[in-house]
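Visitor: I'm passing along entry-v7.txt; it holds compact mmCIF, C-alpha atoms.
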# COMPACT_ATOMS: atom_id res chain seq x y z
CA MET A 1 -22.58 58.28 48.03
CA ALA A 2 -25.67 56.87 46.47
CA ALA A 3 -27.96 59.12 44.46
CA LEU A 4 -30.89 60.51 46.43
CA THR A 5 -33.54 59.60 43.90
CA ALA A 6 -33.75 56.16 45.45
CA ALA A 7 -32.46 54.21 48.36
CA PRO A 8 -28.73 53.58 47.98
CA ALA A 9 -28.03 51.70 44.80
CA VAL A 10 -27.06 48.06 45.07
CA GLU A 11 -23.33 48.03 44.50
CA MET A 12 -22.59 45.09 42.26
CA THR A 13 -19.18 43.49 42.08
CA SER A 14 -17.48 42.71 38.80
CA LYS A 15 -18.64 39.07 39.03
CA LEU A 16 -21.29 37.57 36.81
CA GLY A 17 -24.56 36.59 38.47
CA LEU A 18 -27.27 33.99 38.24
CA VAL A 19 -30.87 33.94 39.49
CA VAL A 20 -32.76 30.63 39.47
CA PRO A 21 -36.25 31.53 40.75
CA ASP A 22 -37.73 28.02 41.01
CA VAL A 23 -35.04 26.25 43.00
CA PRO A 24 -35.73 25.87 46.75
CA LEU A 25 -32.99 26.69 49.22
CA GLU A 26 -32.53 23.04 50.13
CA GLU A 27 -31.52 22.21 46.56
CA THR A 28 -29.02 25.02 46.03
CA GLU A 29 -25.96 23.33 47.51
CA ILE A 30 -24.50 22.10 44.21
CA LEU A 31 -25.55 25.28 42.43
CA ARG A 32 -23.76 27.36 45.04
CA MET A 33 -20.66 25.17 44.92
CA GLU A 34 -20.40 25.31 41.14
CA SER A 35 -21.20 29.02 40.93
CA SER A 36 -18.48 29.71 43.48
CA LYS A 37 -15.98 27.66 41.45
CA ASN A 38 -16.79 29.77 38.40
CA ASN A 39 -16.81 33.14 40.17
CA ILE A 40 -20.55 33.53 39.60
CA GLU A 41 -22.79 35.04 42.27
CA LEU A 42 -25.90 32.96 42.90
CA VAL A 43 -28.65 35.37 43.98
CA LEU A 44 -31.48 33.87 46.04
CA LEU A 45 -35.04 35.15 46.44
CA THR A 46 -37.17 35.77 49.50
CA THR A 47 -40.87 36.66 49.40
CA PRO A 48 -43.54 38.25 51.62
CA THR A 49 -44.67 34.76 52.71
CA THR A 50 -41.19 33.44 53.57
CA PRO A 51 -41.02 32.56 57.31
CA THR A 52 -38.47 34.58 59.25
CA ASN A 53 -36.08 31.73 60.00
CA ARG A 54 -36.13 30.61 56.39
CA MET A 55 -35.58 34.18 55.20
CA LYS A 56 -32.49 34.39 57.39
CA SER A 57 -31.11 31.19 55.87
CA ILE A 58 -31.80 32.48 52.36
CA VAL A 59 -30.12 35.86 52.90
CA SER A 60 -27.16 34.11 54.50
CA ALA A 61 -26.71 31.92 51.43
CA SER A 62 -27.45 34.53 48.76
CA GLU A 63 -24.44 36.07 47.03
CA GLY A 64 -24.01 39.60 45.69
CA PHE A 65 -27.33 40.80 47.00
CA VAL A 66 -30.68 39.56 48.31
CA TYR A 67 -33.61 39.55 45.87
CA LEU A 68 -36.81 40.61 47.67
CA VAL A 69 -39.97 39.72 45.77
CA SER A 70 -42.32 42.61 46.55
CA SER A 71 -45.61 40.78 46.19
CA VAL A 72 -47.20 37.36 46.18
CA GLY A 73 -47.70 35.95 42.70
CA VAL A 74 -45.98 36.20 39.35
CA THR A 75 -44.07 39.06 37.74
CA GLY A 76 -46.05 41.84 36.11
CA THR A 77 -46.92 45.51 36.41
CA ARG A 78 -48.85 46.70 39.46
CA THR A 79 -50.59 49.95 40.28
CA ASP A 80 -48.79 50.35 43.59
CA VAL A 81 -46.01 48.77 45.58
CA SER A 82 -47.25 47.37 48.88
CA ALA A 83 -46.29 49.43 51.93
CA ARG A 84 -45.36 46.11 53.54
CA VAL A 85 -42.17 46.15 51.47
CA GLN A 86 -40.76 48.67 53.96
CA THR A 87 -41.15 46.19 56.83
CA LEU A 88 -39.73 43.35 54.76
CA LEU A 89 -36.70 45.46 53.88
CA GLN A 90 -36.11 46.30 57.54
CA ASP A 91 -36.42 42.64 58.53
CA ILE A 92 -33.86 41.60 55.93
CA LYS A 93 -31.48 44.41 56.91
CA LEU A 94 -31.63 43.22 60.50
CA ALA A 95 -30.52 39.81 59.30
CA THR A 96 -27.74 40.82 56.91
CA SER A 97 -25.51 43.67 55.76
CA LYS A 98 -25.84 42.54 52.13
CA PRO A 99 -27.59 44.91 49.71
CA VAL A 100 -31.28 44.24 49.05
CA ALA A 101 -32.89 44.62 45.62
CA VAL A 102 -36.69 44.70 45.24
CA GLY A 103 -38.43 43.21 42.21
CA PHE A 104 -41.80 41.97 40.87
CA GLY A 105 -44.34 44.69 40.10
CA ILE A 106 -41.89 47.60 39.97
CA SER A 107 -43.12 49.23 36.78
CA LYS A 108 -43.36 53.03 37.13
CA PRO A 109 -40.93 55.86 37.91
CA GLU A 110 -42.90 56.60 41.08
CA HIS A 111 -42.34 53.02 42.24
CA VAL A 112 -38.60 53.49 42.01
CA LYS A 113 -38.31 57.04 43.27
CA GLN A 114 -38.05 57.26 47.02
CA VAL A 115 -37.10 60.33 48.97
CA ALA A 116 -33.91 59.65 50.90
CA LEU A 117 -33.81 59.89 54.68
CA ILE A 118 -30.55 61.47 55.86
CA PRO A 119 -30.19 61.60 59.64
CA TYR A 120 -27.44 63.57 61.37
CA ILE A 121 -25.86 62.73 64.72
CA THR A 122 -22.87 64.17 66.58
CA ALA A 123 -19.90 61.85 67.07
CA GLY A 124 -19.15 61.14 70.71
CA ASP A 125 -22.45 62.25 72.23
CA PRO A 126 -23.15 60.71 74.65
CA ASP A 127 -20.01 58.65 73.87
CA LEU A 128 -18.34 56.97 70.90
CA PRO A 129 -19.56 53.42 71.66
CA THR A 130 -23.14 54.78 71.62
CA THR A 131 -22.39 56.63 68.38
CA ALA A 132 -21.26 53.33 66.86
CA GLU A 133 -24.51 51.65 67.91
CA ALA A 134 -26.55 54.64 66.72
CA LEU A 135 -25.01 54.34 63.26
CA LYS A 136 -26.11 50.71 63.16
CA VAL A 137 -29.64 51.61 64.30
CA LEU A 138 -29.96 54.35 61.70
CA ASP A 139 -28.70 51.99 59.00
CA SER A 140 -31.05 49.19 60.01
CA PHE A 141 -34.22 51.25 60.15
CA GLY A 142 -34.34 53.08 56.87
CA SER A 143 -31.55 55.64 56.55
CA ASP A 144 -30.26 56.14 53.04
CA ILE A 145 -27.23 58.25 53.93
CA ILE A 146 -26.00 59.15 57.43
CA GLU A 147 -24.32 62.44 58.29
CA LEU A 148 -21.90 62.23 61.19
CA GLY A 149 -20.86 65.52 62.74
CA LEU A 150 -17.30 65.98 63.99
CA PRO A 151 -17.56 67.87 67.29
CA TYR A 152 -16.04 71.34 67.05
CA SER A 153 -15.59 74.07 69.64
CA ASP A 154 -17.04 76.88 67.50
CA PRO A 155 -19.89 75.43 65.42
CA LEU A 156 -21.20 78.63 63.85
CA ALA A 157 -23.89 76.98 61.71
CA ASP A 158 -25.36 74.97 64.55
CA GLY A 159 -28.09 75.84 67.00
CA PRO A 160 -28.13 75.19 70.75
CA VAL A 161 -28.94 71.45 70.55
CA ILE A 162 -26.00 70.50 68.34
CA GLN A 163 -23.70 73.05 70.02
CA ALA A 164 -24.45 71.41 73.38
CA ALA A 165 -23.83 67.95 71.91
CA ALA A 166 -20.46 69.06 70.53
CA THR A 167 -19.52 70.58 73.88
CA ARG A 168 -20.41 67.37 75.74
CA SER A 169 -18.53 65.26 73.23
CA LEU A 170 -15.36 67.35 73.41
CA ALA A 171 -15.55 67.43 77.21
CA ARG A 172 -15.47 63.62 77.19
CA GLY A 173 -12.29 63.67 75.13
CA THR A 174 -13.67 62.89 71.69
CA ASN A 175 -11.17 63.77 68.98
CA PHE A 176 -10.73 63.23 65.26
CA ASP A 177 -8.49 60.18 65.60
CA ALA A 178 -10.93 58.46 67.95
CA VAL A 179 -13.84 59.12 65.58
CA ILE A 180 -11.87 57.72 62.64
CA SER A 181 -10.91 54.65 64.64
CA MET A 182 -14.57 54.03 65.47
CA LEU A 183 -15.59 54.48 61.84
CA ARG A 184 -13.01 51.97 60.63
CA GLU A 185 -14.68 49.38 62.85
CA VAL A 186 -18.30 50.27 62.15
CA LEU A 187 -18.56 51.32 58.50
CA PRO A 188 -17.88 47.83 57.08
CA GLN A 189 -20.99 46.69 58.98
CA LEU A 190 -23.29 49.30 57.40
CA SER A 191 -25.19 49.09 54.13
CA CYS A 192 -25.70 52.84 53.65
CA PRO A 193 -22.98 55.44 53.03
CA VAL A 194 -21.74 57.83 55.71
CA SER A 195 -20.84 61.46 55.12
CA LEU A 196 -18.86 63.59 57.56
CA PHE A 197 -20.06 67.06 58.59
CA SER A 198 -16.96 69.03 59.56
CA TYR A 199 -16.10 72.67 59.96
CA TYR A 200 -13.20 73.92 57.86
CA ASN A 201 -10.66 74.46 60.63
CA PRO A 202 -10.27 70.74 61.52
CA VAL A 203 -9.75 70.01 57.81
CA LEU A 204 -7.08 72.69 57.46
CA LYS A 205 -5.40 71.62 60.69
CA ARG A 206 -4.52 68.23 59.21
CA GLY A 207 -3.99 69.44 55.68
CA ILE A 208 -6.73 69.06 53.11
CA GLY A 209 -5.08 66.21 51.21
CA LYS A 210 -4.22 64.25 54.35
CA PHE A 211 -7.72 64.77 55.79
CA MET A 212 -9.32 63.40 52.62
CA THR A 213 -7.03 60.38 52.55
CA ILE A 214 -7.74 59.57 56.20
CA ILE A 215 -11.53 59.72 55.87
CA LYS A 216 -11.45 57.76 52.59
CA ASP A 217 -9.39 55.01 54.21
CA ALA A 218 -11.94 54.88 57.04
CA GLY A 219 -14.74 54.27 54.51
CA VAL A 220 -16.36 57.71 54.50
CA GLN A 221 -17.95 58.58 51.16
CA GLY A 222 -19.03 62.20 51.52
CA LEU A 223 -18.14 65.47 53.21
CA VAL A 224 -20.06 68.63 54.15
CA VAL A 225 -18.07 71.71 55.22
CA PRO A 226 -20.72 74.31 56.11
CA ASP A 227 -18.45 77.30 56.76
CA VAL A 228 -16.33 77.30 53.60
CA PRO A 229 -17.40 79.76 50.87
CA LEU A 230 -17.63 78.59 47.28
CA GLU A 231 -14.57 80.64 46.31
CA GLU A 232 -12.38 78.64 48.70
CA THR A 233 -13.54 75.17 47.68
CA GLU A 234 -11.21 74.61 44.74
CA ILE A 235 -8.55 72.65 46.65
CA LEU A 236 -11.22 70.88 48.71
CA ARG A 237 -12.97 69.78 45.52
CA MET A 238 -9.73 68.68 43.89
CA GLU A 239 -8.60 66.60 46.88
CA SER A 240 -12.06 65.14 47.48
CA SER A 241 -12.22 64.09 43.83
CA LYS A 242 -8.79 62.42 44.10
CA ASN A 243 -10.06 60.38 47.04
CA ASN A 244 -13.50 59.60 45.62
CA ILE A 245 -15.18 61.69 48.33
CA GLU A 246 -18.30 63.63 47.34
CA LEU A 247 -18.08 67.23 48.55
CA VAL A 248 -21.63 68.45 49.16
CA LEU A 249 -22.16 72.21 49.02
CA LEU A 250 -24.92 74.25 50.65
CA THR A 251 -27.26 76.89 49.26
CA THR A 252 -29.62 79.00 51.38
CA PRO A 253 -32.80 81.05 50.99
CA THR A 254 -30.67 84.22 50.73
CA THR A 255 -28.24 82.90 48.12
CA PRO A 256 -28.52 85.01 44.93
CA THR A 257 -29.67 83.05 41.87
CA ASP A 258 -26.38 83.27 39.95
CA ARG A 259 -24.41 82.17 42.98
CA MET A 260 -26.86 79.33 43.64
CA LYS A 261 -26.28 78.10 40.10
CA SER A 262 -22.50 78.10 40.66
CA ILE A 263 -22.90 76.22 43.94
CA VAL A 264 -25.16 73.51 42.51
CA SER A 265 -22.81 73.11 39.56
CA ALA A 266 -19.87 72.48 41.90
CA SER A 267 -21.69 70.36 44.48
CA GLU A 268 -21.18 66.61 44.26
CA GLY A 269 -23.58 63.81 45.13
CA PHE A 270 -26.45 66.15 45.87
CA VAL A 271 -27.24 69.77 46.63
CA TYR A 272 -27.84 70.66 50.29
CA LEU A 273 -30.66 73.21 50.54
CA VAL A 274 -30.75 74.99 53.89
CA SER A 275 -34.47 75.49 54.53
CA SER A 276 -34.25 78.63 56.63
CA VAL A 277 -32.05 81.56 57.53
CA GLY A 278 -30.06 80.97 60.71
CA VAL A 279 -28.58 78.01 62.50
CA THR A 280 -29.67 74.40 62.79
CA GLY A 281 -32.45 73.51 65.19
CA THR A 282 -36.00 72.25 65.42
CA ARG A 283 -38.77 74.51 64.14
CA THR A 284 -42.55 74.45 64.33
CA ASN A 285 -43.05 74.63 60.57
CA VAL A 286 -41.03 74.50 57.37
CA SER A 287 -41.29 77.68 55.34
CA ALA A 288 -43.49 77.32 52.25
CA ARG A 289 -40.75 79.16 50.38
CA VAL A 290 -38.76 75.93 50.39
CA GLN A 291 -41.01 74.60 47.62
CA THR A 292 -40.01 77.49 45.35
CA LEU A 293 -36.33 77.10 46.28
CA ILE A 294 -36.45 73.40 45.37
CA GLN A 295 -38.01 74.23 42.01
CA ASP A 296 -35.41 76.92 41.34
CA ILE A 297 -32.56 74.50 42.03
CA LYS A 298 -34.13 71.79 39.90
CA GLN A 299 -34.30 74.24 37.00
CA ALA A 300 -30.55 74.77 37.38
CA THR A 301 -29.43 71.16 37.80
CA SER A 302 -30.48 67.54 37.49
CA LYS A 303 -28.65 66.69 40.72
CA PRO A 304 -30.77 65.52 43.67
CA VAL A 305 -31.73 68.13 46.25
CA ALA A 306 -31.79 67.38 49.98
CA VAL A 307 -33.38 69.80 52.43
CA GLY A 308 -32.02 70.32 55.94
CA PHE A 309 -32.04 72.70 58.94
CA GLY A 310 -35.28 72.71 60.92
CA ILE A 311 -36.63 69.38 59.64
CA SER A 312 -37.62 67.69 62.88
CA LYS A 313 -41.00 65.93 62.59
CA PRO A 314 -42.57 63.26 60.36
CA GLU A 315 -44.99 65.89 59.05
CA HIS A 316 -42.04 68.11 58.05
CA VAL A 317 -40.47 65.19 56.20
CA LYS A 318 -43.72 64.41 54.40
CA GLN A 319 -44.30 68.04 53.44
CA VAL A 320 -40.81 68.57 52.04
CA ALA A 321 -41.04 65.32 50.08
CA GLU A 322 -44.34 66.46 48.57
CA TRP A 323 -42.67 69.72 47.53
CA GLY A 324 -40.24 67.74 45.38
CA ALA A 325 -37.16 67.22 47.54
CA ASP A 326 -35.08 64.15 46.79
CA GLY A 327 -33.82 63.88 50.36
CA VAL A 328 -34.55 65.19 53.85
CA ILE A 329 -31.88 65.84 56.48
CA VAL A 330 -32.91 65.54 60.12
CA GLY A 331 -30.33 66.62 62.69
CA SER A 332 -31.20 68.41 65.92
CA ALA A 333 -34.15 66.14 66.71
CA MET A 334 -31.91 63.07 66.40
CA VAL A 335 -29.12 64.63 68.43
CA LYS A 336 -31.53 65.65 71.18
CA LEU A 337 -32.87 62.10 71.55
CA LEU A 338 -29.40 60.66 72.07
CA GLY A 339 -27.96 63.47 74.12
CA GLU A 340 -30.83 63.96 76.56
CA ALA A 341 -31.91 60.35 77.08
CA LYS A 342 -31.76 58.92 80.61
CA SER A 343 -29.35 56.27 79.37
CA PRO A 344 -27.60 55.35 76.11
CA GLU A 345 -29.85 52.31 75.80
CA GLU A 346 -32.99 54.41 76.11
CA GLY A 347 -31.60 56.91 73.62
CA LEU A 348 -30.98 54.16 71.06
CA LYS A 349 -34.52 52.82 71.50
CA GLU A 350 -35.98 56.30 71.01
CA LEU A 351 -33.74 56.80 67.98
CA GLU A 352 -35.06 53.58 66.44
CA THR A 353 -38.68 54.60 66.99
CA PHE A 354 -38.13 58.10 65.63
CA THR A 355 -36.25 56.85 62.56
CA LYS A 356 -39.08 54.43 61.77
CA SER A 357 -41.62 57.25 62.02
CA LEU A 358 -39.64 59.46 59.64
CA LYS A 359 -39.19 56.65 57.13
CA ALA A 360 -42.88 55.82 57.29
CA ALA A 361 -43.69 59.44 56.44
CA LEU A 362 -41.68 59.06 53.21
CA ILE A 363 -43.48 55.95 52.02
CA LYS A 364 -45.93 56.80 49.26
CA GLU A 365 -49.48 55.87 50.15
If you took the structure in this file and wrote it as structure tokens, what would it be?
Guide:
Amino acid sequence: MAALTAAPAVEMTSKLGLVVPDVPLEETEILRMESSKNNIELVLLTTPTTPTNRMKSIVSASEGFVYLVSSVGVTGTRTDVSARVQTLLQDIKLATSKPVAVGFGISKPEHVKQVALIPYITAGDPDLPTTAEALKVLDSFGSDIIELGLPYSDPLADGPVIQAAATRSLARGTNFDAVISMLREVLPQLSCPVSLFSYYNPVLKRGIGKFMTIIKDAGVQGLVVPDVPLEETEILRMESSKNNIELVLLTTPTTPTDRMKSIVSASEGFVYLVSSVGVTGTRTNVSARVQTLIQDIKQATSKPVAVGFGISKPEHVKQVAEWGADGVIVGSAMVKLLGEAKSPEEGLKELETFTKSLKAALIKE
């Protein structure tokens, strides 16, 4: 999975690339033909003043990635990056699944650093076709990584909202094979990585090595197993490493310091900080102690830290970001929108609106 200190990194191919900033789209035909012959990716630029239809033509023709010019004018350092870049990014992502790189005026670490938005939804609630569409919505409107929960009959770490979602999903016949089949179809259409959230029993049931191979072949890039203690992760870590799956480990407010250091050392991709004692679920406030916990983890590791459990409002997201988190994980609030909507269509619309509001809270003013 991509590092949490920024939106997912643009994954370049092994091809060489070429950017010609002063050539209009209409004159790129020969350039594109010759670059293709020579296995060179011709990257095209779109700007804040590019009309929508022209932008769509540009992103369709661009190879490797789309180059988004962040501001009107020439290159050079700027004090701030315009908040409009967020909207431009969303517009481009609606038009293409290609990666988007932002340039012009990006000159400070704070310009580059963005806190990652990591939504969680339960597979199969209200049904798998809606889950597939929800993944696309989350990807299109600002998610940096998506956690997809495998429904399980005894979800000890989850509160009533996610427990109810898992129960509904299982009652409708959702199973591991069906989820994997859906992911094989959907993941190639997404630009952000997907991580599975699974309890240990379903992993053991299939065999750890086989489970890892199956999810890797489906395109999954990360795995969270909330109920496995550190001492029992050795085989999980070995098999996940073999399959290029990042095994993310959790630390909690009650984890002793020495144990926390061992957990963050073994965790891959990022460290998952549980913000409160207890199960998942929405809460009125995020404990101020989280700020100290983030600082303690950052003293022990340079890995990104994502905070989850009880993060359910834009103001929570903003607060945790200000405390120094590299990512925020929002689960129960997302699951509730989809599971309790009057219809799947309404649920998807509410999910889009909510995701936009969370992403907006992470944009530096």
Visitor: Report as a list in words all protein, DNA and RNA residues lying within 8 Å of region 56-59 of chain A, evaluated on all atoms listed in the file, omitting residues in the same chain fewer than 4 positions from it.
Guide: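 Counting all atoms listed in the file, the residues come to Leu25, Leu44, Leu45, Thr46, Thr52, Val66, Ile92, Ala95, Thr96 and Lys98 of chain A.
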Visitor: Include C-alpha atoms and write out the residues we just selected as a tab-separated table (two decimals), keeping the file's coordinate frame.
Guide:
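Result went into again-v4.tsv, see below:
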chain	number	residue	atom	x	y	z
A	25	LEU	CA	-32.99	26.69	49.22
A	44	LEU	CA	-31.48	33.87	46.04
A	45	LEU	CA	-35.04	35.15	46.44
A	46	THR	CA	-37.17	35.77	49.50
A	52	THR	CA	-38.47	34.58	59.25
A	66	VAL	CA	-30.68	39.56	48.31
A	92	ILE	CA	-33.86	41.60	55.93
A	95	ALA	CA	-30.52	39.81	59.30
A	96	THR	CA	-27.74	40.82	56.91
A	98	LYS	CA	-25.84	42.54	52.13
Visitor: Within 12 Å of region 111-127 of chain A, which residues of region 152-252 of chain A come that close, and what is the closest atom pair and distance in Å for each? Count only C-alpha atoms and give it as a tab-separated table.
Guide:
residue	atom	partner	partner_atom	distance
A:Tyr152	CA	A:Thr122	CA	9.9
A:Pro155	CA	A:Thr122	CA	11.7
A:Asp158	CA	A:Thr122	CA	11.3
A:Val161	CA	A:Thr122	CA	10.3
A:Ile162	CA	A:Thr122	CA	7.3
A:Gln163	CA	A:Thr122	CA	9.6
A:Ala164	CA	A:Asp125	CA	9.4
A:Ala165	CA	A:Asp125	CA	5.9
A:Ala166	CA	A:Thr122	CA	6.7
A:Thr167	CA	A:Asp125	CA	9.0
A:Arg168	CA	A:Asp125	CA	6.5
A:Ser169	CA	A:Gly124	CA	4.9
A:Leu170	CA	A:Gly124	CA	7.8
A:Ala171	CA	A:Gly124	CA	9.7
A:Arg172	CA	A:Asp127	CA	7.5
A:Gly173	CA	A:Gly124	CA	8.5
A:Thr174	CA	A:Gly124	CA	5.8
A:Asn175	CA	A:Gly124	CA	8.6
A:Phe176	CA	A:Ala123	CA	9.4
A:Asp177	CA	A:Ala123	CA	11.6
A:Ala178	CA	A:Gly124	CA	9.1
A:Val179	CA	A:Ala123	CA	6.8
A:Ile180	CA	A:Ala123	CA	10.1
A:Ser181	CA	A:Ala123	CA	11.8
A:Met182	CA	A:Ala123	CA	9.6
A:Leu183	CA	A:Ala123	CA	10.0
A:Cys192	CA	A:Ile118	CA	10.1
A:Pro193	CA	A:Ile118	CA	10.1
A:Val194	CA	A:Ile118	CA	9.5
A:Ser195	CA	A:Tyr120	CA	9.3
A:Leu196	CA	A:Tyr120	CA	9.4
A:Phe197	CA	A:Tyr120	CA	8.6
A:Ser198	CA	A:Thr122	CA	10.4
A:Val224	CA	A:Tyr120	CA	11.5
Visitor: What is the distance, in Å and to one decimal place, between CA of Lys303 (chain A) and CA of Phe270 (chain A)?
Guide: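 Interatomic distance, CA of Lys303 (chain A) to CA of Phe270 (chain A): 5.6 Å.
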Visitor: Can you tell me which residues surround Tyr200 (chain A) at a distance of at most 9 Å, considering only C-alpha atoms, apart from same-chain residues fewer than 4 positions away, and format the answer as a PDB file with C-alpha atoms, in the coordinates of the input?
Guide:
ATOM      1  CA  LEU A 204      -7.080  72.690  57.460  1.00  0.00           C
ATOM      2  CA  LYS A 205      -5.400  71.620  60.690  1.00  0.00           C
ATOM      3  CA  VAL A 225     -18.070  71.710  55.220  1.00  0.00           C
ATOM      4  CA  PRO A 226     -20.720  74.310  56.110  1.00  0.00           C
ATOM      5  CA  ASP A 227     -18.450  77.300  56.760  1.00  0.00           C
ATOM      6  CA  VAL A 228     -16.330  77.300  53.600  1.00  0.00           C
TER       7      VAL A 228
END
Visitor: Would you kindly return, as a list in words, each protein, DNA or RNA residue with an atom no farther than 9 Å from any atom of Val248 (chain A), considering all atoms listed in the file and excluding same-chain residues fewer than 4 positions away?
Guide: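 These residues fall inside the cut-off: Gly222, Leu223, Val224, Val225, Ala266, Ser267, Glu268, Gly269, Phe270, Val271 and Tyr272 of chain A.
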